[in-house]
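J.: Below is the file run.txt, with compact mmCIF, N, CA and C atoms.
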# COMPACT_ATOMS: atom_id res chain seq x y z
N MET A 1309 12.27 0.37 -28.06
CA MET A 1309 12.40 1.14 -29.28
C MET A 1309 12.33 0.17 -30.46
N CYS A 1310 11.48 0.45 -31.44
CA CYS A 1310 11.38 -0.38 -32.63
C CYS A 1310 11.48 0.49 -33.87
N ASP A 1311 12.37 0.11 -34.76
CA ASP A 1311 12.53 0.84 -36.01
C ASP A 1311 13.05 -0.14 -37.05
N ALA A 1312 12.34 -0.30 -38.13
CA ALA A 1312 12.76 -1.21 -39.20
C ALA A 1312 13.12 -2.59 -38.65
N LYS A 1313 12.22 -3.13 -37.83
CA LYS A 1313 12.37 -4.45 -37.23
C LYS A 1313 13.51 -4.53 -36.20
N ILE A 1314 13.97 -3.39 -35.72
CA ILE A 1314 14.98 -3.37 -34.66
C ILE A 1314 14.24 -3.07 -33.37
N CYS A 1315 14.04 -4.07 -32.55
CA CYS A 1315 13.27 -3.87 -31.32
C CYS A 1315 14.13 -4.15 -30.10
N THR A 1316 14.22 -3.17 -29.24
CA THR A 1316 14.96 -3.33 -27.99
C THR A 1316 14.09 -3.02 -26.79
N ASP A 1317 12.79 -2.78 -27.01
CA ASP A 1317 11.84 -2.50 -25.93
C ASP A 1317 12.30 -1.38 -25.02
N GLY A 1318 12.97 -0.38 -25.59
CA GLY A 1318 13.39 0.79 -24.83
C GLY A 1318 14.59 0.57 -23.94
N GLU A 1319 15.19 -0.62 -24.01
CA GLU A 1319 16.34 -0.92 -23.17
C GLU A 1319 17.64 -0.51 -23.86
N LYS A 1320 18.57 -0.02 -23.06
CA LYS A 1320 19.90 0.27 -23.57
C LYS A 1320 20.59 -1.06 -23.86
N MET A 1321 21.26 -1.14 -25.00
CA MET A 1321 21.96 -2.37 -25.38
C MET A 1321 23.36 -2.32 -24.80
N ASP A 1322 23.56 -3.01 -23.69
CA ASP A 1322 24.87 -3.07 -23.06
C ASP A 1322 25.67 -4.22 -23.67
N ILE A 1323 26.87 -3.91 -24.11
CA ILE A 1323 27.75 -4.92 -24.68
C ILE A 1323 28.37 -5.68 -23.52
N LYS A 1324 28.03 -6.97 -23.42
CA LYS A 1324 28.47 -7.80 -22.29
C LYS A 1324 29.62 -8.73 -22.63
N LYS A 1325 29.79 -9.00 -23.92
CA LYS A 1325 30.85 -9.91 -24.37
C LYS A 1325 31.19 -9.61 -25.81
N SER A 1326 32.28 -10.17 -26.29
CA SER A 1326 32.67 -10.01 -27.69
C SER A 1326 31.77 -10.87 -28.56
N ALA A 1327 31.47 -10.37 -29.76
CA ALA A 1327 30.64 -11.13 -30.69
C ALA A 1327 31.00 -10.75 -32.11
N VAL A 1328 30.70 -11.65 -33.04
CA VAL A 1328 30.97 -11.40 -34.45
C VAL A 1328 29.74 -11.77 -35.28
N ALA A 1329 29.73 -11.25 -36.50
CA ALA A 1329 28.71 -11.62 -37.48
C ALA A 1329 29.28 -11.36 -38.86
N GLY A 1330 28.84 -12.14 -39.83
CA GLY A 1330 29.28 -11.95 -41.21
C GLY A 1330 30.46 -12.83 -41.59
N THR A 1331 30.93 -12.60 -42.81
CA THR A 1331 32.05 -13.37 -43.35
C THR A 1331 33.02 -12.43 -44.05
N LEU A 1332 34.11 -13.00 -44.52
CA LEU A 1332 35.09 -12.24 -45.29
C LEU A 1332 34.92 -12.47 -46.79
N GLU A 1333 33.77 -13.01 -47.16
CA GLU A 1333 33.48 -13.26 -48.57
C GLU A 1333 33.17 -11.96 -49.31
N SER A 1334 33.26 -12.00 -50.62
CA SER A 1334 32.92 -10.85 -51.45
C SER A 1334 31.47 -10.45 -51.21
N ASN A 1335 31.20 -9.15 -51.20
CA ASN A 1335 29.87 -8.58 -51.00
C ASN A 1335 29.31 -8.81 -49.60
N ASP A 1336 30.18 -9.07 -48.64
CA ASP A 1336 29.77 -9.25 -47.26
C ASP A 1336 30.65 -8.38 -46.37
N VAL A 1337 30.34 -8.36 -45.10
CA VAL A 1337 31.12 -7.60 -44.13
C VAL A 1337 31.27 -8.46 -42.88
N PHE A 1338 32.45 -8.44 -42.29
CA PHE A 1338 32.71 -9.13 -41.03
C PHE A 1338 32.71 -8.08 -39.94
N VAL A 1339 31.79 -8.22 -39.00
CA VAL A 1339 31.63 -7.26 -37.91
C VAL A 1339 32.06 -7.90 -36.60
N GLU A 1340 32.87 -7.19 -35.84
CA GLU A 1340 33.28 -7.63 -34.52
C GLU A 1340 32.96 -6.51 -33.54
N ILE A 1341 32.36 -6.87 -32.43
CA ILE A 1341 32.02 -5.88 -31.42
C ILE A 1341 32.47 -6.40 -30.06
N GLU A 1342 33.01 -5.50 -29.25
CA GLU A 1342 33.48 -5.90 -27.92
C GLU A 1342 33.30 -4.76 -26.93
N GLU A 1343 33.43 -5.11 -25.67
CA GLU A 1343 33.26 -4.12 -24.61
C GLU A 1343 34.30 -3.01 -24.70
N SER A 1344 33.88 -1.81 -24.31
CA SER A 1344 34.77 -0.66 -24.26
C SER A 1344 34.13 0.39 -23.36
N ASP A 1345 34.95 1.27 -22.82
CA ASP A 1345 34.42 2.37 -22.00
C ASP A 1345 33.86 3.50 -22.85
N THR A 1346 34.29 3.56 -24.11
CA THR A 1346 33.85 4.60 -25.03
C THR A 1346 33.40 3.95 -26.33
N LEU A 1347 32.90 4.75 -27.23
CA LEU A 1347 32.50 4.25 -28.54
C LEU A 1347 33.66 4.42 -29.51
N LYS A 1348 34.12 3.30 -30.08
CA LYS A 1348 35.22 3.30 -31.04
C LYS A 1348 34.76 2.54 -32.29
N ILE A 1349 34.96 3.14 -33.45
CA ILE A 1349 34.58 2.51 -34.70
C ILE A 1349 35.80 2.41 -35.60
N GLU A 1350 36.11 1.19 -36.05
CA GLU A 1350 37.22 0.94 -36.97
C GLU A 1350 36.65 0.31 -38.23
N ILE A 1351 36.99 0.89 -39.37
CA ILE A 1351 36.47 0.38 -40.64
C ILE A 1351 37.62 0.12 -41.59
N GLU A 1352 37.64 -1.10 -42.11
CA GLU A 1352 38.57 -1.48 -43.18
C GLU A 1352 37.68 -1.92 -44.34
N SER A 1353 37.87 -1.31 -45.51
CA SER A 1353 36.99 -1.62 -46.63
C SER A 1353 37.72 -1.50 -47.96
N ILE A 1354 37.39 -2.40 -48.87
CA ILE A 1354 37.98 -2.32 -50.20
C ILE A 1354 37.39 -1.15 -50.99
N VAL A 1355 36.30 -0.58 -50.50
CA VAL A 1355 35.66 0.55 -51.17
C VAL A 1355 35.66 1.79 -50.27
N TYR A 1356 36.61 1.85 -49.33
CA TYR A 1356 36.61 2.96 -48.37
C TYR A 1356 36.74 4.33 -49.04
N ALA A 1357 37.56 4.42 -50.06
CA ALA A 1357 37.75 5.71 -50.74
C ALA A 1357 36.44 6.24 -51.30
N GLN A 1358 35.59 5.35 -51.81
CA GLN A 1358 34.33 5.78 -52.39
C GLN A 1358 33.20 5.87 -51.37
N PHE A 1359 33.15 4.94 -50.42
CA PHE A 1359 31.99 4.81 -49.56
C PHE A 1359 32.29 4.82 -48.06
N GLY A 1360 33.50 5.19 -47.67
CA GLY A 1360 33.88 5.17 -46.26
C GLY A 1360 32.97 5.97 -45.36
N GLU A 1361 32.64 7.19 -45.76
CA GLU A 1361 31.76 8.04 -44.94
C GLU A 1361 30.35 7.46 -44.86
N ASP A 1362 29.87 6.88 -45.95
CA ASP A 1362 28.55 6.26 -45.95
C ASP A 1362 28.52 5.06 -45.00
N ILE A 1363 29.57 4.26 -45.03
CA ILE A 1363 29.66 3.10 -44.14
C ILE A 1363 29.68 3.58 -42.69
N LYS A 1364 30.50 4.57 -42.40
CA LYS A 1364 30.60 5.10 -41.04
C LYS A 1364 29.25 5.65 -40.58
N ASN A 1365 28.54 6.37 -41.45
CA ASN A 1365 27.23 6.90 -41.09
C ASN A 1365 26.21 5.79 -40.84
N THR A 1366 26.28 4.72 -41.62
CA THR A 1366 25.40 3.57 -41.41
C THR A 1366 25.66 2.95 -40.05
N VAL A 1367 26.92 2.77 -39.71
CA VAL A 1367 27.29 2.19 -38.41
C VAL A 1367 26.80 3.08 -37.27
N LYS A 1368 27.07 4.37 -37.37
CA LYS A 1368 26.63 5.30 -36.31
C LYS A 1368 25.11 5.30 -36.18
N ASP A 1369 24.40 5.25 -37.29
CA ASP A 1369 22.93 5.23 -37.26
C ASP A 1369 22.42 3.98 -36.55
N MET A 1370 23.00 2.82 -36.87
CA MET A 1370 22.58 1.57 -36.23
C MET A 1370 22.89 1.58 -34.74
N LEU A 1371 24.07 2.06 -34.37
CA LEU A 1371 24.43 2.12 -32.96
C LEU A 1371 23.47 3.04 -32.20
N ASP A 1372 23.10 4.14 -32.82
CA ASP A 1372 22.17 5.07 -32.22
C ASP A 1372 20.78 4.44 -32.08
N LYS A 1373 20.29 3.81 -33.14
CA LYS A 1373 18.97 3.17 -33.11
C LYS A 1373 18.89 2.05 -32.08
N MET A 1374 20.01 1.36 -31.87
CA MET A 1374 20.02 0.26 -30.91
C MET A 1374 20.53 0.70 -29.54
N ASP A 1375 20.74 1.99 -29.39
CA ASP A 1375 21.12 2.61 -28.13
C ASP A 1375 22.40 2.02 -27.54
N VAL A 1376 23.40 1.84 -28.41
CA VAL A 1376 24.71 1.38 -27.97
C VAL A 1376 25.57 2.63 -27.77
N LYS A 1377 25.99 2.86 -26.53
CA LYS A 1377 26.75 4.06 -26.20
C LYS A 1377 28.24 3.82 -26.02
N ALA A 1378 28.60 2.57 -25.72
CA ALA A 1378 30.01 2.25 -25.49
C ALA A 1378 30.31 0.86 -26.06
N ALA A 1379 31.24 0.81 -27.00
CA ALA A 1379 31.67 -0.46 -27.61
C ALA A 1379 32.80 -0.18 -28.57
N LYS A 1380 33.58 -1.21 -28.84
CA LYS A 1380 34.56 -1.14 -29.91
C LYS A 1380 33.97 -1.95 -31.06
N VAL A 1381 33.73 -1.27 -32.18
CA VAL A 1381 33.11 -1.90 -33.34
C VAL A 1381 34.12 -1.91 -34.48
N SER A 1382 34.42 -3.09 -34.99
CA SER A 1382 35.36 -3.23 -36.10
C SER A 1382 34.66 -3.87 -37.28
N LEU A 1383 34.82 -3.28 -38.45
CA LEU A 1383 34.23 -3.81 -39.67
C LEU A 1383 35.33 -4.09 -40.68
N ASN A 1384 35.26 -5.25 -41.31
CA ASN A 1384 36.13 -5.59 -42.43
C ASN A 1384 35.18 -5.82 -43.60
N ASP A 1385 35.04 -4.80 -44.44
CA ASP A 1385 34.04 -4.78 -45.50
C ASP A 1385 34.62 -5.20 -46.84
N HIS A 1386 33.86 -6.04 -47.53
CA HIS A 1386 34.27 -6.51 -48.86
C HIS A 1386 33.19 -6.16 -49.88
N GLY A 1387 32.70 -4.92 -49.79
CA GLY A 1387 31.72 -4.43 -50.76
C GLY A 1387 30.28 -4.74 -50.41
N ALA A 1388 29.98 -4.86 -49.12
CA ALA A 1388 28.61 -5.16 -48.69
C ALA A 1388 27.68 -3.99 -48.93
N LEU A 1389 26.45 -4.30 -49.28
CA LEU A 1389 25.42 -3.28 -49.41
C LEU A 1389 25.04 -2.75 -48.03
N ASP A 1390 24.43 -1.59 -48.00
CA ASP A 1390 24.00 -0.96 -46.75
C ASP A 1390 23.13 -1.90 -45.91
N CYS A 1391 22.18 -2.59 -46.55
CA CYS A 1391 21.28 -3.48 -45.81
C CYS A 1391 22.03 -4.65 -45.18
N VAL A 1392 23.09 -5.11 -45.83
CA VAL A 1392 23.90 -6.20 -45.29
C VAL A 1392 24.69 -5.70 -44.08
N ILE A 1393 25.26 -4.50 -44.18
CA ILE A 1393 26.00 -3.92 -43.06
C ILE A 1393 25.08 -3.78 -41.84
N ARG A 1394 23.87 -3.28 -42.07
CA ARG A 1394 22.90 -3.11 -40.98
C ARG A 1394 22.53 -4.45 -40.34
N ALA A 1395 22.28 -5.46 -41.16
CA ALA A 1395 21.89 -6.77 -40.65
C ALA A 1395 23.02 -7.41 -39.85
N ARG A 1396 24.23 -7.35 -40.37
CA ARG A 1396 25.38 -7.94 -39.67
C ARG A 1396 25.64 -7.22 -38.35
N LEU A 1397 25.55 -5.90 -38.37
CA LEU A 1397 25.78 -5.12 -37.17
C LEU A 1397 24.72 -5.40 -36.11
N GLU A 1398 23.46 -5.46 -36.53
CA GLU A 1398 22.38 -5.77 -35.60
C GLU A 1398 22.59 -7.14 -34.95
N THR A 1399 22.97 -8.12 -35.75
CA THR A 1399 23.21 -9.46 -35.22
C THR A 1399 24.36 -9.46 -34.22
N ALA A 1400 25.46 -8.81 -34.55
CA ALA A 1400 26.61 -8.76 -33.64
C ALA A 1400 26.24 -8.06 -32.33
N ILE A 1401 25.50 -6.96 -32.43
CA ILE A 1401 25.10 -6.22 -31.22
C ILE A 1401 24.22 -7.09 -30.34
N LYS A 1402 23.25 -7.76 -30.92
CA LYS A 1402 22.36 -8.61 -30.14
C LYS A 1402 23.11 -9.77 -29.51
N ARG A 1403 24.05 -10.36 -30.23
CA ARG A 1403 24.86 -11.44 -29.66
C ARG A 1403 25.71 -10.92 -28.51
N ALA A 1404 26.32 -9.76 -28.69
CA ALA A 1404 27.19 -9.19 -27.65
C ALA A 1404 26.40 -8.71 -26.44
N SER A 1405 25.13 -8.39 -26.65
CA SER A 1405 24.27 -7.93 -25.55
C SER A 1405 23.49 -9.08 -24.94
N GLU A 1406 23.71 -10.27 -25.48
CA GLU A 1406 23.02 -11.48 -25.03
C GLU A 1406 21.51 -11.36 -25.20
N VAL A 1407 21.12 -10.73 -26.32
CA VAL A 1407 19.71 -10.62 -26.70
C VAL A 1407 19.52 -11.59 -27.85
N GLU A 1408 18.42 -12.31 -27.87
CA GLU A 1408 18.17 -13.27 -28.94
C GLU A 1408 18.10 -12.56 -30.28
N ALA A 1409 18.95 -12.99 -31.22
CA ALA A 1409 19.01 -12.35 -32.55
C ALA A 1409 17.99 -12.92 -33.49
Go ahead and render the structure in this file as C-alpha cells.
T.:
Amino acid sequence: MCDAKICTDGEKMDIKKSAVAGTLESNDVFVEIEESDTLKIEIESIVYAQFGEDIKNTVKDMLDKMDVKAAKVSLNDHGALDCVIRARLETAIKRASEVEA
C-alpha cells in the first residue's frame, strides 16, 4: 500500500518492539509506540482543547493507512503541525515494525 510516500507493499505493520520518534521541543511531538493486543491511543497536548479531535483523527488515519491494528500509541504534543505528527508517527511505526524508515 502506498499513499503520500507511505509504502508498506501491502503488508500489515506488526509492532514488534517499542519505538519512539520526535522531541519534546516546541512545535514538535514525541511519539511512543509499543506492542499491545488492542489499539490504544493516548494524547497529551498543550493545544488539546482546540485541536485534540484533529490530532486523534490524524493518528487514526495514519494507523489505518499503515495497517496498524494493534498497538499502544502515546503522543506528547507541543503544538506540532499535522505534517509533523504524520512524519513522527510514520517513523515510530516503521522503527517498531523493524521496517527501514
J.: Give me the residues near A:Glu1333 as a list of chain:residue names, where near means some atom within 8 Å (using all atoms listed in the file) and where sequence neighbours in that chain fewer than 4 positions away do not count.
T.: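 Surrounding residues, per the criterion: A:Val1337, A:Phe1338, A:Asp1385, A:His1386, A:Gly1387, A:Ala1388.
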J.: Residues at most 6.5 Å from stretch 1376-1380 of chain A, counting all atoms listed in the file, excluding those fewer than 5 positions away in the same chain, as a list in words?
T.: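 Counting only the stated atoms, we get Lys1320, Met1321, Asp1322, Ile1323, Glu1340, Ile1341, Glu1342, Glu1343, Ser1344, Asp1345, Thr1346, Leu1347, Lys1348, Ile1349, Glu1350, Met1370 and Leu1371 of chain A.
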J.: Got a sec: who's within 5 Å of stretch 1352-1364 of chain A, counting all atoms listed in the file, leaving out chain neighbours fewer than 4 positions off, as a list of chain:residue names?
T.: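 Once the adjacent positions are removed, what remains is A:Lys1368, A:Leu1383, A:Asn1384, A:Asp1385.
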J.: Between atom CA of A:Ala1395 and atom CA of A:Val1328, what is the spacing in Å?
T.: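 Atom CA of A:Ala1395 lies at a distance of 11.9 Å from atom CA of A:Val1328.
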J.: Using only C-alpha atoms, which of A:Val1367, A:Leu1332, A:Ile1351, A:Val1339 sits nearest A:Ala1400?
T.: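 Among the listed residues, A:Val1339 lies closest to A:Ala1400.
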J.: Env of A:Thr1399: 9 Å cut, atoms = only C-alpha atoms, seq-sep filter 5 positions within chain, self excluded. Answer as a PyMOL selection string.
T.: chain A and resi 1327-1330+1394+1404+1408-1409
J.: Write down as a short mmCIF file (atom, residue, chain, number, x, y, z; two decimals) with N, CA and C atoms, in the coordinates of the input the residues of chain A whose backbone DSSP state falls under strand (DSSP E).
T.:
data_model
loop_
_atom_site.label_atom_id
_atom_site.label_comp_id
_atom_site.auth_asym_id
_atom_site.auth_seq_id
_atom_site.Cartn_x
_atom_site.Cartn_y
_atom_site.Cartn_z
N CYS A 1310 11.48 0.45 -31.44
CA CYS A 1310 11.38 -0.38 -32.63
C CYS A 1310 11.48 0.49 -33.87
N ASP A 1311 12.37 0.11 -34.76
CA ASP A 1311 12.53 0.84 -36.01
C ASP A 1311 13.05 -0.14 -37.05
N ILE A 1314 13.97 -3.39 -35.72
CA ILE A 1314 14.98 -3.37 -34.66
C ILE A 1314 14.24 -3.07 -33.37
N CYS A 1315 14.04 -4.07 -32.55
CA CYS A 1315 13.27 -3.87 -31.32
C CYS A 1315 14.13 -4.15 -30.10
N ALA A 1327 31.47 -10.37 -29.76
CA ALA A 1327 30.64 -11.13 -30.69
C ALA A 1327 31.00 -10.75 -32.11
N VAL A 1328 30.70 -11.65 -33.04
CA VAL A 1328 30.97 -11.40 -34.45
C VAL A 1328 29.74 -11.77 -35.28
N ALA A 1329 29.73 -11.25 -36.50
CA ALA A 1329 28.71 -11.62 -37.48
C ALA A 1329 29.28 -11.36 -38.86
N VAL A 1337 30.34 -8.36 -45.10
CA VAL A 1337 31.12 -7.60 -44.13
C VAL A 1337 31.27 -8.46 -42.88
N PHE A 1338 32.45 -8.44 -42.29
CA PHE A 1338 32.71 -9.13 -41.03
C PHE A 1338 32.71 -8.08 -39.94
N VAL A 1339 31.79 -8.22 -39.00
CA VAL A 1339 31.63 -7.26 -37.91
C VAL A 1339 32.06 -7.90 -36.60
N GLU A 1340 32.87 -7.19 -35.84
CA GLU A 1340 33.28 -7.63 -34.52
C GLU A 1340 32.96 -6.51 -33.54
N ILE A 1341 32.36 -6.87 -32.43
CA ILE A 1341 32.02 -5.88 -31.42
C ILE A 1341 32.47 -6.40 -30.06
N GLU A 1342 33.01 -5.50 -29.25
CA GLU A 1342 33.48 -5.90 -27.92
C GLU A 1342 33.30 -4.76 -26.93
N LEU A 1347 32.90 4.75 -27.23
CA LEU A 1347 32.50 4.25 -28.54
C LEU A 1347 33.66 4.42 -29.51
N LYS A 1348 34.12 3.30 -30.08
CA LYS A 1348 35.22 3.30 -31.04
C LYS A 1348 34.76 2.54 -32.29
N ILE A 1349 34.96 3.14 -33.45
CA ILE A 1349 34.58 2.51 -34.70
C ILE A 1349 35.80 2.41 -35.60
N GLU A 1350 36.11 1.19 -36.05
CA GLU A 1350 37.22 0.94 -36.97
C GLU A 1350 36.65 0.31 -38.23
N ILE A 1351 36.99 0.89 -39.37
CA ILE A 1351 36.47 0.38 -40.64
C ILE A 1351 37.62 0.12 -41.59
N GLU A 1352 37.64 -1.10 -42.11
CA GLU A 1352 38.57 -1.48 -43.18
C GLU A 1352 37.68 -1.92 -44.34
N SER A 1353 37.87 -1.31 -45.51
CA SER A 1353 36.99 -1.62 -46.63
C SER A 1353 37.72 -1.50 -47.96
N ALA A 1379 31.24 0.81 -27.00
CA ALA A 1379 31.67 -0.46 -27.61
C ALA A 1379 32.80 -0.18 -28.57
N LYS A 1380 33.58 -1.21 -28.84
CA LYS A 1380 34.56 -1.14 -29.91
C LYS A 1380 33.97 -1.95 -31.06
N VAL A 1381 33.73 -1.27 -32.18
CA VAL A 1381 33.11 -1.90 -33.34
C VAL A 1381 34.12 -1.91 -34.48
N SER A 1382 34.42 -3.09 -34.99
CA SER A 1382 35.36 -3.23 -36.10
C SER A 1382 34.66 -3.87 -37.28
N LEU A 1383 34.82 -3.28 -38.45
CA LEU A 1383 34.23 -3.81 -39.67
C LEU A 1383 35.33 -4.09 -40.68
N ASN A 1384 35.26 -5.25 -41.31
CA ASN A 1384 36.13 -5.59 -42.43
C ASN A 1384 35.18 -5.82 -43.60
N ASP A 1385 35.04 -4.80 -44.44
CA ASP A 1385 34.04 -4.78 -45.50
C ASP A 1385 34.62 -5.20 -46.84
#
J.: When distances are computed from only C-alpha atoms, which of A:Met1374, A:Thr1331, A:Ser1382, A:Lys1325 shows the smallest separation from A:Glu1398?
T.: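 Nearest to A:Glu1398: A:Met1374.
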